[in-house]
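What follows is a single structure, written as structure tokens, with notes after it.
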Amino acid sequence: AAAAAAAAAAGTDTSGRRGMGSRIERFEGAEPGFAYLKMSGGQLRFRNQDVLTDASWDVQTGQRVGLVGNNGAGKTTQLRVLAGELELDGGEIVKSSADIKVAFLRQEFREELRDDRSLRDEMLSVFSEVLSLRARYDEAEAALAAAGEDADAMQGALDTMAELQAQLDASDAGAIEKRAERMMSAMGFSPSDAELPVTAFSGGWKMRIGLGKALLQEPQVLLLDEPTNHMDLDS
């Protein structure tokens, strides 16, 4: 027990887990943008109970795969592993590229929505990096206005603005509003819905917001965890 406590204090894993492996598998002749994601021999224990035992399946571009099983069988757990939220105790994850883009619409997606935001702002929240760059640009612009006759402060603000503008241009920041508008339309929202607060929509329409946000990430693999649970007659 003392040895185990010492190992724990040193940050050593004493659970006996082998750990999850990960590797990249190349596909000759694959089309540009082709994606492949696989769980192989997945094993996972939680609170001394086997949740996954030798779980193996894959999905690739052009496929629609349904994961079917009883409640508590580990379906959500497998999706969380593929989304990178959980690590296996054993087995491996195989990807077609290290930077494969995976989006995950959780059963609890409503927890990620902010009821006080407008529909448009909720959709735009997907572009967090662009919004952060814009906020920093506004701060630099304010610093320039406050610089007065201080030449060094003015030059510093101008340099910062130029650097941030280059990053915004590279991120195609000017297109995010149009992309959000197109997605709202594709999800069935009318133009007049854009300024309504998220709280004004039913559970089914909130599911459409969550799905729209996932699609705005332009994923190569889209994981949906029982998305029809929140459908209603209105939506």
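Naming scheme: A, B, ... for chains in displayed order of the structure tokens; residues 1 onward per chain; ligands 1 onward as shown.
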Closest atom pairs, stretch 50-101 of chain A residues within 9 Å of stretch 25-30 of chain A, only C-alpha atoms, as JSON lines:
{"residue": "A:Val94", "atom": "CA", "partner": "A:Glu25", "partner_atom": "CA", "distance": 6.6}
{"residue": "A:Lys95", "atom": "CA", "partner": "A:Glu25", "partner_atom": "CA", "distance": 6.0}
{"residue": "A:Ser96", "atom": "CA", "partner": "A:Glu25", "partner_atom": "CA", "distance": 5.1}
{"residue": "A:Ser97", "atom": "CA", "partner": "A:Glu25", "partner_atom": "CA", "distance": 7.3}
Give me the residues of stretch 101-173 of chain A that have any atom at most 12 Å from an atom of stretch 205-220 of chain A; for each, the nearest atom pair and the distance in Å, rounded to one decimal. Use only C-alpha atoms, sort by chain and number, and format it as a tab-separated table.
residue	atom	partner	partner_atom	distance
A:Lys101	CA	A:Pro219	CA	4.9
A:Val102	CA	A:Pro219	CA	5.2
A:Ala103	CA	A:Pro219	CA	5.6
A:Phe104	CA	A:Ala214	CA	6.9
A:Leu105	CA	A:Ala214	CA	6.6
A:Arg106	CA	A:Gly210	CA	8.8
A:Gln107	CA	A:Met207	CA	9.3
A:Glu108	CA	A:Met207	CA	9.9
A:Phe109	CA	A:Gly210	CA	6.4
A:Arg110	CA	A:Lys206	CA	7.0
A:Glu111	CA	A:Gly210	CA	10.2
A:Glu112	CA	A:Gly210	CA	8.5
A:Leu113	CA	A:Gly210	CA	7.8
A:Arg114	CA	A:Lys206	CA	10.7
A:Asp115	CA	A:Lys206	CA	10.0
A:Arg117	CA	A:Ile209	CA	12.0
A:Ser118	CA	A:Ile209	CA	11.1
A:Leu119	CA	A:Ile209	CA	7.8
A:Arg120	CA	A:Ile209	CA	9.8
A:Asp121	CA	A:Lys213	CA	10.9
A:Glu122	CA	A:Ile209	CA	8.0
A:Met123	CA	A:Lys213	CA	5.7
A:Leu124	CA	A:Lys213	CA	8.2
A:Ser125	CA	A:Lys213	CA	8.3
A:Val126	CA	A:Lys213	CA	6.2
A:Phe127	CA	A:Gln217	CA	8.3
A:Ser128	CA	A:Gln217	CA	10.9
Interface rows for stretch 151-231 of chain A against stretch 70-88 of chain A: nearest pair, Å to one decimal, 10 Å, only C-alpha atoms, as a Markdown table:
| residue | atom | partner | partner_atom | distance |
| --- | --- | --- | --- | --- |
| A:Val221 | CA | A:Ala83 | CA | 9.3 |
| A:Leu222 | CA | A:Ala83 | CA | 9.2 |
| A:Leu223 | CA | A:Leu79 | CA | 6.7 |
| A:Leu224 | CA | A:Leu79 | CA | 8.2 |
| A:Asp225 | CA | A:Thr76 | CA | 6.5 |
| A:Glu226 | CA | A:Thr76 | CA | 8.9 |
Members of chain A assigned alpha helix (DSSP H) by DSSP, as a ChimeraX atom specification: /A:2-9,75-82,119-124,128-146,151-170,176-186,203-216
Which residue of A:Leu131, A:Leu196, A:Met161, A:Ala35 approaches A:Ala143 most closely, using only C-alpha atoms: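 Distance minimum relative to A:Ala143 lands on A:Met161.
Within 9 Å of A:Gly19, once only C-alpha atoms are used and residues closer than 3 positions along the same chain are dropped, the contacting residues are Gly16, Glu87, Leu88, Asp89, Gly90, Gly91 and Glu92 of chain A.
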Please dump the current selection as a PDB file, in the first residue's frame; keep N, CA, C and O atoms.
ATOM      1  N   GLY A  16      -2.836  -0.661 -13.685  1.00  0.00           N
ATOM      2  CA  GLY A  16      -2.631  -1.841 -14.510  1.00  0.00           C
ATOM      3  C   GLY A  16      -3.076  -1.648 -15.942  1.00  0.00           C
ATOM      4  O   GLY A  16      -3.019  -2.563 -16.755  1.00  0.00           O
ATOM      5  N   GLU A  87     -10.085   8.314 -23.248  1.00  0.00           N
ATOM      6  CA  GLU A  87      -9.048   7.408 -23.711  1.00  0.00           C
ATOM      7  C   GLU A  87      -9.386   5.979 -23.296  1.00  0.00           C
ATOM      8  O   GLU A  87      -9.925   5.739 -22.216  1.00  0.00           O
ATOM      9  N   LEU A  88      -9.077   5.043 -24.170  1.00  0.00           N
ATOM     10  CA  LEU A  88      -9.283   3.629 -23.880  1.00  0.00           C
ATOM     11  C   LEU A  88      -8.248   3.137 -22.871  1.00  0.00           C
ATOM     12  O   LEU A  88      -7.154   3.686 -22.750  1.00  0.00           O
ATOM     13  N   ASP A  89      -8.600   2.061 -22.156  1.00  0.00           N
ATOM     14  CA  ASP A  89      -7.618   1.371 -21.318  1.00  0.00           C
ATOM     15  C   ASP A  89      -6.738   0.472 -22.173  1.00  0.00           C
ATOM     16  O   ASP A  89      -5.584   0.209 -21.837  1.00  0.00           O
ATOM     17  N   GLY A  90      -7.304  -0.026 -23.261  1.00  0.00           N
ATOM     18  CA  GLY A  90      -6.571  -0.886 -24.178  1.00  0.00           C
ATOM     19  C   GLY A  90      -7.158  -0.791 -25.566  1.00  0.00           C
ATOM     20  O   GLY A  90      -8.288  -0.346 -25.739  1.00  0.00           O
ATOM     21  N   GLY A  91      -6.392  -1.201 -26.576  1.00  0.00           N
ATOM     22  CA  GLY A  91      -6.834  -1.073 -27.951  1.00  0.00           C
ATOM     23  C   GLY A  91      -6.235   0.173 -28.582  1.00  0.00           C
ATOM     24  O   GLY A  91      -5.369   0.829 -28.002  1.00  0.00           O
ATOM     25  N   GLU A  92      -6.717   0.509 -29.787  1.00  0.00           N
ATOM     26  CA  GLU A  92      -6.146   1.661 -30.469  1.00  0.00           C
ATOM     27  C   GLU A  92      -7.177   2.379 -31.319  1.00  0.00           C
ATOM     28  O   GLU A  92      -8.219   1.821 -31.674  1.00  0.00           O
TER      29      GLU A  92
END
Nearby residues (only C-alpha atoms) at most 9 Å from A:Glu181, same-chain spacing under 3 positions excluded, as a list in words: Arg120, Met123, Ile176, Glu177, Lys178, Met184, Ser185, Ala186, Pro191 and Ala194 of chain A
Between atom CA of A:Lys38 and atom CA of A:Ile93, distance in Å (one decimal): 5.7 Å
Å distance separating atom CA of A:Thr61 from atom CA of A:Leu37, one decimal place: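 Calculated distance between atom CA of A:Thr61 and atom CA of A:Leu37 is 9.3 Å.
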Polymer residues at most 12 Å from A:Ser171, only C-alpha atoms, same-chain spacing of 2 or more positions, as a count of residues only: 18
Residue list (strand (DSSP E), DSSP) for stretch 96-200 of chain A, as a ChimeraX atom specification: /A:102-105
For atom CA of A:Gly66 and atom CA of A:Met39, the interatomic separation in Å (one decimal):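 Going from atom CA of A:Gly66 over to atom CA of A:Met39, I get 14.6 Å.
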Given only C-alpha atoms as the counted atoms, nearest of A:Asp159, A:Glu195, A:Asp172, A:Asp116 to A:Leu144: A:Asp159
Residues within 7 Å of A:Leu52, only C-alpha atoms, excluding chain neighbours under 4 positions, as an MDAnalysis selection string: chainID A and resid 42:45 74
Selected residues, N, CA and C atoms, written as an mmCIF file, in the first residue's frame, please.
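The file below, out.cif, is the result:
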data_model
loop_
_atom_site.group_PDB
_atom_site.id
_atom_site.type_symbol
_atom_site.label_atom_id
_atom_site.label_comp_id
_atom_site.auth_asym_id
_atom_site.auth_seq_id
_atom_site.Cartn_x
_atom_site.Cartn_y
_atom_site.Cartn_z
ATOM 1 N N GLY A 42 -11.104 -2.008 -28.675
ATOM 2 C CA GLY A 42 -11.260 -1.065 -27.574
ATOM 3 C C GLY A 42 -11.675 -1.728 -26.273
ATOM 4 N N GLN A 43 -10.957 -1.383 -25.210
ATOM 5 C CA GLN A 43 -11.287 -1.876 -23.879
ATOM 6 C C GLN A 43 -11.341 -0.702 -22.907
ATOM 7 N N LEU A 44 -12.360 -0.712 -22.037
ATOM 8 C CA LEU A 44 -12.494 0.367 -21.070
ATOM 9 C C LEU A 44 -13.249 -0.142 -19.844
ATOM 10 N N ARG A 45 -12.684 0.150 -18.685
ATOM 11 C CA ARG A 45 -13.332 -0.194 -17.422
ATOM 12 C C ARG A 45 -13.656 1.087 -16.673
ATOM 13 N N GLY A 74 -22.733 1.161 -23.810
ATOM 14 C CA GLY A 74 -21.476 1.840 -24.110
ATOM 15 C C GLY A 74 -21.444 2.584 -25.430
#
